[in-house]
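Here's the structure, in structure tokens; my notes come after.
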Protein chains: 2
Amino acid sequence: MSEYVTAMSETVQIDPMANYFREKYEIDTNHDPKDRWQVFDRTTGQEVPVSDWQFDAETGLVTVQNAKKFHTYTVNFMVYQIWDSTSMYNHISNNWTCEHVVSTEPYHAEAREHLMGFFDNWLEEHPHTDVVRLTTLAYHFVLDSDKHGVDKYRDWVGYMDTVTVEALDDFEKEYGYRLTSEDFVDQGFYNATHRVPTQQYLDWMQFIHRFVIEFGKELVDKVHAAGKKAAMFQGDHWVGTEPYSDEFSKMGIDINVGAAEDGVALRRLADSPNDEIKEIRLYPYFFPDVFCEGGDPLSESVSNWVKIRRAMLRKPIDRIGYGGYLSLAAKFPEFVTQVESLCDEFRTIKEYSQKTRPFTGPVVVGVLNAWGKWRSWLNNFGCDQKFFVKRPDVVAVAGSNLLECLSGLPVEVRFLSLSEIEQNGVPADINVLINDGEDGTAWSGGHHWGNETVVSAIREWVYNGGGFAGNIGPTAYPHQGRYFQLADVMGVEKEVGCSVMTAAKKFDIPEKHFITDDAFDAFDFGTENSYVFCDSENTEVLKTKSDGLHIHLAANEFGSGRGVYMAGLPYSIDNSRLLHRVLFWAAGKEDQLKQWFSSNLNTDCAAYPETGKFAVVNNVDASQETVISTPEGEQITVNLKPYEMKWFSMKDA
Amino acid sequence: MSEYVTAMSETVQIDPMANYFREKYEIDTNHDPKDRWQVFDRTTGQEVPVSDWQFDAETGLVTVQNAKKFHTYTVNFMVYQIWDSTSMYNHISNNWTCEHVVSTEPYHAEAREHLMGFFDNWLEEHPHTDVVRLTTLAYHFVLDSDKHGVDKYRDWVGYMDTVTVEALDDFEKEYGYRLTSEDFVDQGFYNATHRVPTQQYLDWMQFIHRFVIEFGKELVDKVHAAGKKAAMFQGDHWVGTEPYSDEFSKMGIDINVGAAEDGVALRRLADSPNDEIKEIRLYPYFFPDVFCEGGDPLSESVSNWVKIRRAMLRKPIDRIGYGGYLSLAAKFPEFVTQVESLCDEFRTIKEYSQKTRPFTGPVVVGVLNAWGKWRSWLNNFGCDQKFFVKRPDVVAVAGSNLLECLSGLPVEVRFLSLSEIEQNGVPADINVLINDGEDGTAWSGGHHWGNETVVSAIREWVYNGGGFAGNIGPTAYPHQGRYFQLADVMGVEKEVGCSVMTAAKKFDIPEKHFITDDAFDAFDFGTENSYVFCDSENTEVLKTKSDGLHIHLAANEFGSGRGVYMAGLPYSIDNSRLLHRVLFWAAGKEDQLKQWFSSNLNTDCAAYPETGKFAVVNNVDASQETVISTPEGEQITVNLKPYEMKWFSMKDA
């Protein structure tokens with residue numbers, strides 16, 4: 001979409017490419033713009049009739065006639081991407097000077113034929129290669145660049161780079177309806193992952209996904225025919241593979257590699273429902289942005305590893321690895337020593353767990369959002385993310401990060417979509433539903449909370465004994481006097497300006513509650529003003545801002561079930577334990593918390609009944625003592641050095 | 001509206017009176033509930049057919065049949081108020097023990113006849129009374145009480161207490177359409193003043209207002225016929241009088257009294273377009289809530305008076321007064337001394353101003369919201385207000401309070417509704433439009449910002465030289481990819497979760513700018529995380545959170561006009577000056593700022609060209625020196641004791 005342009009008269013000229021990087025994009029003049037482009041009056045939201053605008057390929061300008069004065073206009077247009085995003089990133093960030101790479105579009109028969117021929121040839125010329133890593137599959141994730149070449153828009157799992165006229169035509173034949181440019185442009189939000197997805201976008205994802213799997217399978221088949229193994233990398237050109245889909249395994253990948261900076265990324269790879277070999281690529285990459293004078297790769301490595309190890313103990317994987325220039329890493333010997341030790345730890349995890357199922361408490365968690373399983377363990381970025389300066393190659397979460405807390409807990413986790421609830425109700429095996437995300441986003445669920453079937457199904461399920469744990473803007477959707485549609489389940493409501501002069505219910509904070517009854521250092525919900533108030537006299541408000549009014553944590557009995565509200569949950573050791581307790585309380589399983597449970601919050605315990613081993617890990621940079629409770633009620637005292645991991649045999653315990 | 005009740009089966013029983021104070025309300029069983037009540041499925045938003053519910057007057061319960069399981073239901077019902085809100089307040093807060101007062105409903109012919117007879121009699125029996133104060137006019141403001149008798153809902157200018165079946169029937173005859181209970185209940189928000197008003201509610205207000213004026217005129221005519229003067233009090237039973245309406249003067253009131261705790265309240269009375277005598281009632285009232293052991297009436301009086309004096313110097317009134325028990329005040333001699341001195345100051349203001357027009361700069365400000373002039377100078381409560389503990393009888397504003405800053409500035413101020421802009425464009429004499437309020441409220445404007453005529457009219461007006469000053473959530477309305485619909489005018493946009501991964505524009509903060517070029521102590525926008533980002537490379541971002549990212553203050557040239565964004569403006573001396581500069585910059589009148597301008601922010605200067613006098617006041621509790629600039633460019637140094645006001649003759653200057 002072009003920038004917004006204001007009509008100062010009845011004729012307005014728009015340069016669609018204004019503020020796009022001209023080294024990266026070139027307007028598609030091979031297809032008739034009138035066939036696929038759209039011009040919108042963004043003041044009214046109405047499309048400008050095709051007869052009222054012209055594109056001049058010479059000047060590159062769109063001229064709109066019969067414009068309304070002082071309305072704003074935009075053009076949805078199509079471009080060729082003439083510089084691959086990863087190639088461009090490496091030129092700019094890592095000083096590469098080689099020729100600009102142009103991604104090919106495998107959807108085109110000619111391109112595909114060329115690629116396959118090239119690949120056949122390559123396979124033949126590399127008889128001694130055992131493993132072929134398909135780093136470049138079909139499509140790059142979205143990374144749009146502004147006129148200076150700086151990131152303008154980014155979506156690590158977005159499908160914007162998959163659009164071609166040919167695929168759009170095929171889609172129309174298959175689905176029986178035509179997708180418009182606006183179905184993709186989405187008012188300039190581009191169906192970003194935080195947007196509640198439309199059916200059109202979901203259809204397009206399915207369509208492209210099937211193509212990518214079929215295309216990938218052809219490549220993998222060739223790899224296998226050549227007697228080699230095939231790996232893929234969930235990094236740059238992986239969009240459309242969707243490892244959580246039912247079709248993914250058809251591709252026949254042997255090794256699935258994912259970059260992992262935290263526990264969420266580890267779980268994203270580890271939990272995907274396929275039995276290929278799973279390998280994580282650890283950060284930092286050995287690139288000059290971090291491995292430079294004054295750089296501190298050691299701290300980043302330690303802090304990442306603590307998170308990853310926590311998660312890995314709940315869901316082991318097969319391999320770890322690194323990427324980049326070894327020569328750079330060699331200049332940081334402390335980093336190399338730490339990597340050596342984490343490799344040793346990884347080997348013991350493999351040896352003692354044997355990739356068997358670790359002990360989990362009797363709590364099955366369903367993380368509920370507008371996406372469901374295809375977006376399992378995807379970091380859930382909120383508004384704070386926009387005001388957070390970070391390295392462009394690393395995913396770091398600003399503010400609330402409940403998923404990171406969850407990634408290391410001894411519970412089963414699945415991801416569910418609100419549409420699944422609408423169609424089939426809450427799955428029978430779920431104990432606690434988590435709804436975590438900012439108001440109106442795909443993570444909270446947006447308009448799905450206005451759906452009577454969804455709301456009443458969950459309300460009934462909780463009433464009959466289910467647990468519901470909301471974080472930030474759970475069930476938020478302004479409708480019929482309610483903002484949190486399950487305010488009755490959580491016992492709290494949010495003020496957004498509609499009911500300022502309506503009094504909140506009064507409350508007292510109970511002296512003791514299962515959820516907060518632990519050796520917490522401090523409570524940090526990542527916010528002070530939650531604007532959440534008490535909605536029922538039965539709500540147990542557990543934590544508030546220091547004013548005693550803005551609610552940060554509340555628990556509520558609803559029929560035989562329970563609801564919990566949290567104002568936000570930044571990742572921390574304390575908040576991981578808090579979530580642990582929230583989930584067991586919401587599930588009504590308080591009495592079963594202390595099984596392979598570590599009394600010291602700074603430490604975790606993971607047990608493997610099938611191998612008879614258990615590990616105790618220290619997540620902090622100081623020696624710790626902890627008492628482990630076994631399911632049989634034994635108490636085992638363990639002392640750990642900073643960041644240490646110790647293994648024990650259950651029979652010795 | 002009843003509380004929300006969840007249907008656990010196909011039959012659900014609702015007690016409409018649950019959580020209402022039974023000493024205050026009694027269900028109306030004289031009219032057929034089926035005729036006026038409504039039952040709603042609040043999960044779907046659909047009304048339950050009248051045939052599907054019954055009210056049992058014996059039990060007081062509504063039974064709904066064919067309910068959908070786990071949907072929530074509410075009943076809109078009608079009650080008689082059997083205890084007047086002010087009477088109840090005095091019983092509870094001031095220990096009154098007299099009989100409960102029941103308000104009469106003057107709309108009923110019989111009640112009106114009785115009242116008028118009573119009044120005729122009273123007038124006859126009080127021949128020596130000069131002035132009759134109609135404290136009790138037709139309707140009380142809304143003050144709903146929960147089952148404990150505690151405030152449940154409050155709207156100082158709301159019309160909820162004006163509803164009767166008789167008036168509803170007459171409305172239907174006159175307007176040709178029938179108002180439903182839901183038109184008043186408004187999903188439980190009761191058309192609160194912060195709600196964007198519906199046409200139905202505006203029609204009802206007009207209808208009731210005409211009745212109140214006609215009713216009030218009959219009373220006033222009787223007062224005048226008895227040779228007395230008539231006063232009214234904008235306090236308890238004043239709803240429907242609407243002093244800013246064109247009809248108000250028809251009532252013939254001689255003296256209009258308003259309680260004033262701040263400059264906004266002073267201006268609300270002083271600016272109303274009628275030439276009756278205007279009197280303010282100062283706080284604190286001499287009531288035992290403040291005049292008690294440990295009470296501090298002095299501080300409250302001083303802090304109120306500084307605000308009121310600031311505003312009064314811009315718009316003088318005729319009288320000041322107090323209310324309550326003199327015996328209580330007498331116990332606080334320091335308070336009495338301070339009152340003596342403020343009375344003296346008031347007398348000098350009257351004497352030297354002679355109620356003539358003070359000098360104002362060449363800036364006419366239009367405060368733009370969904371209400372317009374009927375809600376002129378009404379405090380604009382945001383979400384923070386709900387989380388603010390205050391005395392129930394005093395209006396105190398939590399958080400942003402731009403109007404208080406504005407109330408003491410030397411500019412002309414008018415209040416405009418967005419509907420007026422839609423119909424007639426921006427009035428020709430306006431220099432700067434202010435849009436101040438939280439997103440989605442009547443103060444910001446809500447859906448009016450989705451109106452193409454409104455948006456393009458203001459955009460064009462600014463482009464041609466107008467000024468636009470936005471505060472908090474100006475022009476906020478999610479529509480067509482924009483959140484701030486005039487993001488182009490202000491140069492900034494707000495992140496609400498839709499565009500998290502879209503990059504903000506970069507900016508540098510200019511070293512010097514007219515708006516911030518003063519002796520400010522510190523900047524306080526009442527918020528840290530504004531979630532407002534830069535939307536144009538031309539925007540001059542002037543202040544941000546310490547992270548350098550969340551924007552607090554920005555200025556933008558738009559065509560020949562200018563836009564300003566402020567993240568919030570709590571009342572303070574510094575923020576009053578900041579607004580002063582914002583308005584002159586937005587109007588493009590920087591060169592005319594320093595006319596009767598006081599260099600020291602803690603002091604103000606007000607000049608009266610017609611009397612040839614000017615005042616310099618010290619607003620703080622420490623001696624101050626300041627330099628006054630006259631329009632002729634003279635510089636006059638003035639020294640002031642704490643809180644002192646000094647008067648000068650222009651010819652001496």
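The chains in the structure tokens are called A, B, ... from first to last as shown; in each chain the residues are counted from 1, and the ligands are counted from 1 in the order shown.
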Could you give me, as a tab-separated table, a per-residue list for chain A showing, wherever an atom lies at most 8 Å from an atom of chain B, the closest pair of atoms and their distance in Å to one decimal, using only C-alpha atoms and sorting by chain then residue number from low to high?
residue	atom	partner	partner_atom	distance
A:Arg42	CA	B:Gln480	CA	5.5
A:Thr43	CA	B:Glu452	CA	5.7
A:Thr44	CA	B:Glu452	CA	5.9
A:Gly45	CA	B:Gln480	CA	6.0
A:Lys69	CA	B:Ser456	CA	7.3
A:Phe70	CA	B:Ser456	CA	4.9
A:His71	CA	B:Ser456	CA	5.7
A:Asp151	CA	B:Ala503	CA	6.7
A:Lys152	CA	B:Ala503	CA	5.0
A:Tyr153	CA	B:Thr502	CA	4.3
A:Arg154	CA	B:Met501	CA	5.5
A:Asp155	CA	B:Met501	CA	6.8
A:Asp186	CA	B:Gly481	CA	7.9
A:Gln187	CA	B:Gly481	CA	4.5
A:Gly188	CA	B:Gly481	CA	5.8
A:Phe189	CA	B:Ser499	CA	6.0
A:Ala192	CA	B:Ser499	CA	7.7
A:His194	CA	B:Cys498	CA	6.8
A:Arg195	CA	B:Cys498	CA	6.2
A:Phe381	CA	B:Val500	CA	7.3
A:Gly382	CA	B:Gly497	CA	6.3
A:Cys383	CA	B:Gly497	CA	5.4
A:Asp384	CA	B:Tyr531	CA	7.7
A:Gln385	CA	B:Val500	CA	6.6
A:Lys386	CA	B:Val500	CA	5.4
A:Phe387	CA	B:Leu549	CA	5.9
A:Glu438	CA	B:Gly497	CA	7.0
A:Asp439	CA	B:Gly497	CA	7.6
A:Gly440	CA	B:Gly497	CA	7.2
A:Thr441	CA	B:Gly497	CA	6.2
A:Gly450	CA	B:Thr43	CA	7.6
A:Asn451	CA	B:Thr44	CA	7.7
A:Glu452	CA	B:Thr43	CA	5.7
A:Val455	CA	B:Thr43	CA	7.7
A:Ser456	CA	B:Phe70	CA	4.9
A:Ala457	CA	B:Phe70	CA	7.5
A:Arg459	CA	B:Phe70	CA	6.3
A:Glu460	CA	B:Phe70	CA	5.8
A:His479	CA	B:Gly45	CA	7.9
A:Gln480	CA	B:Gln187	CA	5.3
A:Gly481	CA	B:Gln187	CA	4.5
A:Glu495	CA	B:Cys383	CA	6.2
A:Val496	CA	B:Cys383	CA	6.4
A:Gly497	CA	B:Cys383	CA	5.4
A:Cys498	CA	B:Arg195	CA	6.2
A:Ser499	CA	B:Phe189	CA	6.0
A:Val500	CA	B:Lys386	CA	5.4
A:Met501	CA	B:Arg154	CA	5.5
A:Thr502	CA	B:Tyr153	CA	4.3
A:Ala503	CA	B:Lys152	CA	5.0
A:Ala504	CA	B:Lys386	CA	7.7
A:Tyr531	CA	B:Cys383	CA	7.1
A:Leu549	CA	B:Phe387	CA	5.9
A:His550	CA	B:Phe387	CA	6.7
(Q) If we count only C-alpha atoms and set the cut-off at 7 Å, which residues sit around stretch 511-528 of chain A, ignoring sequence neighbours fewer than 5 positions away in its own chain? Please answer as a VMD selection string. (A) chain A and resid 399 to 400 545 552 567 to 570 574 578 581 to 582 585
Q.
For the structure I just gave you, how does DSSP split stretch 4-167 of chain B - specifically, which residues are alpha helix (DSSP H)? Reply as a PyMOL selection string.
A. chain B and resi 33-36+85-93+109-125+165-167
Once you have the residues from the selection above, write them out as a PDB file, in the first residue's frame, restricted to C-alpha atoms.
ATOM      1  CA  PRO B  33     -44.003  -3.957  32.830  1.00  0.00           C
ATOM      2  CA  LYS B  34     -44.533  -5.522  29.420  1.00  0.00           C
ATOM      3  CA  ASP B  35     -45.207  -2.087  27.999  1.00  0.00           C
ATOM      4  CA  ARG B  36     -41.949  -0.419  29.018  1.00  0.00           C
ATOM      5  CA  SER B  85     -30.553  11.429  46.644  1.00  0.00           C
ATOM      6  CA  THR B  86     -29.533  14.639  48.437  1.00  0.00           C
ATOM      7  CA  SER B  87     -31.645  13.811  51.459  1.00  0.00           C
ATOM      8  CA  MET B  88     -30.050  10.388  51.573  1.00  0.00           C
ATOM      9  CA  TYR B  89     -26.551  11.871  51.205  1.00  0.00           C
ATOM     10  CA  ASN B  90     -27.127  14.207  54.138  1.00  0.00           C
ATOM     11  CA  HIS B  91     -28.444  11.382  56.265  1.00  0.00           C
ATOM     12  CA  ILE B  92     -25.405   9.238  55.530  1.00  0.00           C
ATOM     13  CA  SER B  93     -22.600  11.826  55.331  1.00  0.00           C
ATOM     14  CA  ALA B 109     -50.237  17.383  36.527  1.00  0.00           C
ATOM     15  CA  GLU B 110     -51.471  16.547  40.038  1.00  0.00           C
ATOM     16  CA  ALA B 111     -48.004  16.860  41.546  1.00  0.00           C
ATOM     17  CA  ARG B 112     -47.365  20.086  39.712  1.00  0.00           C
ATOM     18  CA  GLU B 113     -50.670  21.552  40.844  1.00  0.00           C
ATOM     19  CA  HIS B 114     -49.850  20.604  44.417  1.00  0.00           C
ATOM     20  CA  LEU B 115     -46.362  22.086  44.196  1.00  0.00           C
ATOM     21  CA  MET B 116     -47.601  25.337  42.720  1.00  0.00           C
ATOM     22  CA  GLY B 117     -50.278  25.625  45.386  1.00  0.00           C
ATOM     23  CA  PHE B 118     -47.676  24.989  48.063  1.00  0.00           C
ATOM     24  CA  PHE B 119     -45.426  27.595  46.499  1.00  0.00           C
ATOM     25  CA  ASP B 120     -48.176  30.233  46.203  1.00  0.00           C
ATOM     26  CA  ASN B 121     -48.885  29.683  49.838  1.00  0.00           C
ATOM     27  CA  TRP B 122     -45.237  29.905  50.791  1.00  0.00           C
ATOM     28  CA  LEU B 123     -44.769  33.166  48.897  1.00  0.00           C
ATOM     29  CA  GLU B 124     -47.775  34.642  50.626  1.00  0.00           C
ATOM     30  CA  GLU B 125     -46.480  33.555  54.006  1.00  0.00           C
ATOM     31  CA  VAL B 165     -44.127   6.828  31.540  1.00  0.00           C
ATOM     32  CA  GLU B 166     -46.158   9.992  31.059  1.00  0.00           C
ATOM     33  CA  ALA B 167     -43.226  11.947  29.660  1.00  0.00           C
TER      34      ALA B 167
END
Q) Among stretch 322-442 of chain A, which ones does DSSP place in strand (DSSP E), written as a list in words? A) Val364, Val365, Gly366, Val367, Leu368, Asn369, Glu412, Val413, Arg414, Phe415, Leu416, Ser417, Val432, Leu433, Ile434, Asn435, Asp436 and Gly437 of chain A
Just-selected residues, C-alpha atoms written as a PDB file, in the first residue's frame:
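Output file again_17.pdb follows:
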ATOM      1  CA  VAL A 364      -3.383 -29.894  30.517  1.00  0.00           C
ATOM      2  CA  VAL A 365      -3.262 -26.296  29.349  1.00  0.00           C
ATOM      3  CA  GLY A 366      -4.941 -24.986  26.228  1.00  0.00           C
ATOM      4  CA  VAL A 367      -3.564 -21.670  25.023  1.00  0.00           C
ATOM      5  CA  LEU A 368      -6.536 -20.059  23.331  1.00  0.00           C
ATOM      6  CA  ASN A 369      -6.284 -17.374  20.665  1.00  0.00           C
ATOM      7  CA  GLU A 412       1.006 -30.302  29.044  1.00  0.00           C
ATOM      8  CA  VAL A 413       0.446 -27.446  26.618  1.00  0.00           C
ATOM      9  CA  ARG A 414      -1.625 -27.232  23.436  1.00  0.00           C
ATOM     10  CA  PHE A 415      -2.715 -24.305  21.337  1.00  0.00           C
ATOM     11  CA  LEU A 416      -6.359 -23.889  20.421  1.00  0.00           C
ATOM     12  CA  SER A 417      -8.200 -21.490  18.178  1.00  0.00           C
ATOM     13  CA  VAL A 432      -7.063 -24.829  32.058  1.00  0.00           C
ATOM     14  CA  LEU A 433      -7.555 -22.414  29.198  1.00  0.00           C
ATOM     15  CA  ILE A 434      -5.098 -19.524  28.942  1.00  0.00           C
ATOM     16  CA  ASN A 435      -6.158 -16.406  27.075  1.00  0.00           C
ATOM     17  CA  ASP A 436      -3.145 -14.136  26.899  1.00  0.00           C
ATOM     18  CA  GLY A 437      -2.813 -11.007  24.840  1.00  0.00           C
TER      19      GLY A 437
END
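The space between atom CA of B:Ala615 and atom CA of B:Leu313 spans 8.3 Å.
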Q: Please provide the set of residues having any atom within 7 Å of stretch 228-233 of chain B, restricted to only C-alpha atoms, with same-chain residues fewer than 3 positions apart removed, written as a PyMOL selection string.
A: chain B and resi 130-135+220+223-224+238+253-258
Keeping only all heavy atoms, write the selected residues as a tab-separated table (two decimals), in the first residue's frame.
chain	number	residue	atom	x	y	z
B	130	ASP	N	-36.68	38.60	50.30
B	130	ASP	CA	-36.39	39.33	49.06
B	130	ASP	C	-36.08	38.40	47.90
B	130	ASP	O	-36.39	38.68	46.75
B	130	ASP	CB	-35.14	40.20	49.26
B	130	ASP	CG	-35.40	41.32	50.26
B	130	ASP	OD1	-36.54	41.82	50.28
B	130	ASP	OD2	-34.47	41.65	51.01
B	131	VAL	N	-35.33	37.32	48.24
B	131	VAL	CA	-34.82	36.44	47.18
B	131	VAL	C	-35.26	35.02	47.48
B	131	VAL	O	-35.07	34.53	48.61
B	131	VAL	CB	-33.28	36.49	47.11
B	131	VAL	CG1	-32.77	35.52	46.04
B	131	VAL	CG2	-32.78	37.89	46.84
B	132	VAL	N	-35.81	34.35	46.49
B	132	VAL	CA	-36.21	32.94	46.65
B	132	VAL	C	-35.23	32.09	45.84
B	132	VAL	O	-35.10	32.28	44.62
B	132	VAL	CB	-37.64	32.70	46.13
B	132	VAL	CG1	-38.03	31.24	46.32
B	132	VAL	CG2	-38.60	33.63	46.85
B	133	ARG	N	-34.52	31.21	46.52
B	133	ARG	CA	-33.58	30.38	45.78
B	133	ARG	C	-34.22	29.04	45.46
B	133	ARG	O	-34.52	28.26	46.37
B	133	ARG	CB	-32.28	30.17	46.56
B	133	ARG	CG	-31.15	29.76	45.61
B	133	ARG	CD	-29.87	29.45	46.33
B	133	ARG	NE	-29.88	28.09	46.85
B	133	ARG	CZ	-28.80	27.50	47.35
B	133	ARG	NH1	-27.66	28.15	47.41
B	133	ARG	NH2	-28.88	26.28	47.82
B	134	LEU	N	-34.38	28.76	44.18
B	134	LEU	CA	-35.00	27.51	43.73
B	134	LEU	C	-33.94	26.41	43.68
B	134	LEU	O	-33.51	25.97	42.61
B	134	LEU	CB	-35.65	27.72	42.37
B	134	LEU	CG	-36.74	28.81	42.35
B	134	LEU	CD1	-37.06	29.23	40.93
B	134	LEU	CD2	-37.98	28.34	43.09
B	135	THR	N	-33.48	26.04	44.86
B	135	THR	CA	-32.47	24.99	44.93
B	135	THR	C	-33.02	23.71	44.34
B	135	THR	O	-32.36	22.99	43.61
B	135	THR	CB	-32.06	24.76	46.40
B	135	THR	OG1	-31.52	25.96	46.89
B	135	THR	CG2	-31.05	23.63	46.50
B	220	VAL	N	-40.70	31.12	38.58
B	220	VAL	CA	-40.04	32.44	38.60
B	220	VAL	C	-41.08	33.54	38.43
B	220	VAL	O	-41.03	34.58	39.11
B	220	VAL	CB	-38.95	32.52	37.50
B	220	VAL	CG1	-38.41	33.93	37.39
B	220	VAL	CG2	-37.82	31.53	37.80
B	223	VAL	N	-42.56	34.18	41.65
B	223	VAL	CA	-41.62	34.91	42.51
B	223	VAL	C	-41.65	36.40	42.17
B	223	VAL	O	-41.74	37.26	43.05
B	223	VAL	CB	-40.19	34.33	42.35
B	223	VAL	CG1	-39.17	35.21	43.07
B	223	VAL	CG2	-40.12	32.90	42.85
B	224	HIS	N	-41.57	36.67	40.87
B	224	HIS	CA	-41.57	38.07	40.42
B	224	HIS	C	-42.89	38.76	40.76
B	224	HIS	O	-42.91	39.91	41.21
B	224	HIS	CB	-41.30	38.14	38.92
B	224	HIS	CG	-39.89	37.82	38.58
B	224	HIS	ND1	-39.46	37.59	37.29
B	224	HIS	CD2	-38.79	37.66	39.36
B	224	HIS	CE1	-38.17	37.33	37.28
B	224	HIS	NE2	-37.73	37.36	38.54
B	238	TRP	N	-31.11	20.42	39.56
B	238	TRP	CA	-31.01	21.47	38.54
B	238	TRP	C	-30.99	20.87	37.13
B	238	TRP	O	-30.94	21.59	36.14
B	238	TRP	CB	-29.74	22.28	38.75
B	238	TRP	CG	-28.50	21.52	38.35
B	238	TRP	CD1	-28.07	20.34	38.87
B	238	TRP	CD2	-27.58	21.86	37.31
B	238	TRP	NE1	-26.92	19.93	38.24
B	238	TRP	CE2	-26.60	20.85	37.27
B	238	TRP	CE3	-27.50	22.93	36.41
B	238	TRP	CZ2	-25.54	20.86	36.37
B	238	TRP	CZ3	-26.43	22.94	35.52
B	238	TRP	CH2	-25.46	21.91	35.50
B	253	ILE	N	-34.64	33.73	35.42
B	253	ILE	CA	-33.87	33.68	36.67
B	253	ILE	C	-33.08	34.98	36.85
B	253	ILE	O	-32.51	35.51	35.91
B	253	ILE	CB	-32.91	32.46	36.63
B	253	ILE	CG1	-33.67	31.18	36.88
B	253	ILE	CG2	-31.73	32.61	37.57
B	253	ILE	CD1	-34.09	30.94	38.31
B	254	ASP	N	-33.07	35.52	38.09
B	254	ASP	CA	-32.30	36.74	38.35
B	254	ASP	C	-30.88	36.45	38.81
B	254	ASP	O	-29.96	37.22	38.53
B	254	ASP	CB	-33.00	37.55	39.46
B	254	ASP	CG	-34.43	37.89	39.08
B	254	ASP	OD1	-34.61	38.64	38.10
B	254	ASP	OD2	-35.35	37.38	39.75
B	255	ILE	N	-30.73	35.37	39.54
B	255	ILE	CA	-29.42	35.06	40.14
B	255	ILE	C	-29.12	33.59	39.91
B	255	ILE	O	-29.93	32.72	40.26
B	255	ILE	CB	-29.43	35.34	41.66
B	255	ILE	CG1	-29.89	36.78	41.94
B	255	ILE	CG2	-28.05	35.08	42.27
B	255	ILE	CD1	-30.46	36.97	43.34
B	256	ASN	N	-27.97	33.32	39.32
B	256	ASN	CA	-27.60	31.94	39.02
B	256	ASN	C	-26.41	31.58	39.91
B	256	ASN	O	-25.36	32.22	39.84
B	256	ASN	CB	-27.22	31.84	37.54
B	256	ASN	CG	-27.19	30.41	37.05
B	256	ASN	OD1	-27.13	29.48	37.85
B	256	ASN	ND2	-27.20	30.24	35.74
B	257	VAL	N	-26.60	30.57	40.75
B	257	VAL	CA	-25.57	30.21	41.72
B	257	VAL	C	-24.96	28.86	41.32
B	257	VAL	O	-25.69	27.92	41.00
B	257	VAL	CB	-26.16	30.09	43.14
B	257	VAL	CG1	-25.05	29.87	44.17
B	257	VAL	CG2	-26.99	31.32	43.49
B	258	GLY	N	-23.65	28.79	41.35
B	258	GLY	CA	-22.99	27.52	41.03
B	258	GLY	C	-21.89	27.24	42.03
B	258	GLY	O	-21.14	28.15	42.41
Q | Of the listed residues B:Lys217, B:Arg319, B:Arg314, B:Lys24, that which approaches B:Ala260 most closely, counting only C-alpha atoms | A | B:Arg319
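Relative to atom CA of B:Cys605, atom CA of B:Glu334 is found at 27.7 Å.
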Q) In Å, how far is it from atom CA of B:Asn30 to atom CA of B:Phe211? A) 23.5 Å
Q | 12 Å contact set for B:Phe648, only C-alpha atoms, chain neighbours under 6 positions out, as number ranges by chain | A | B: 348-349, 352-353, 596, 605-609, 611-617, 628, 636-638
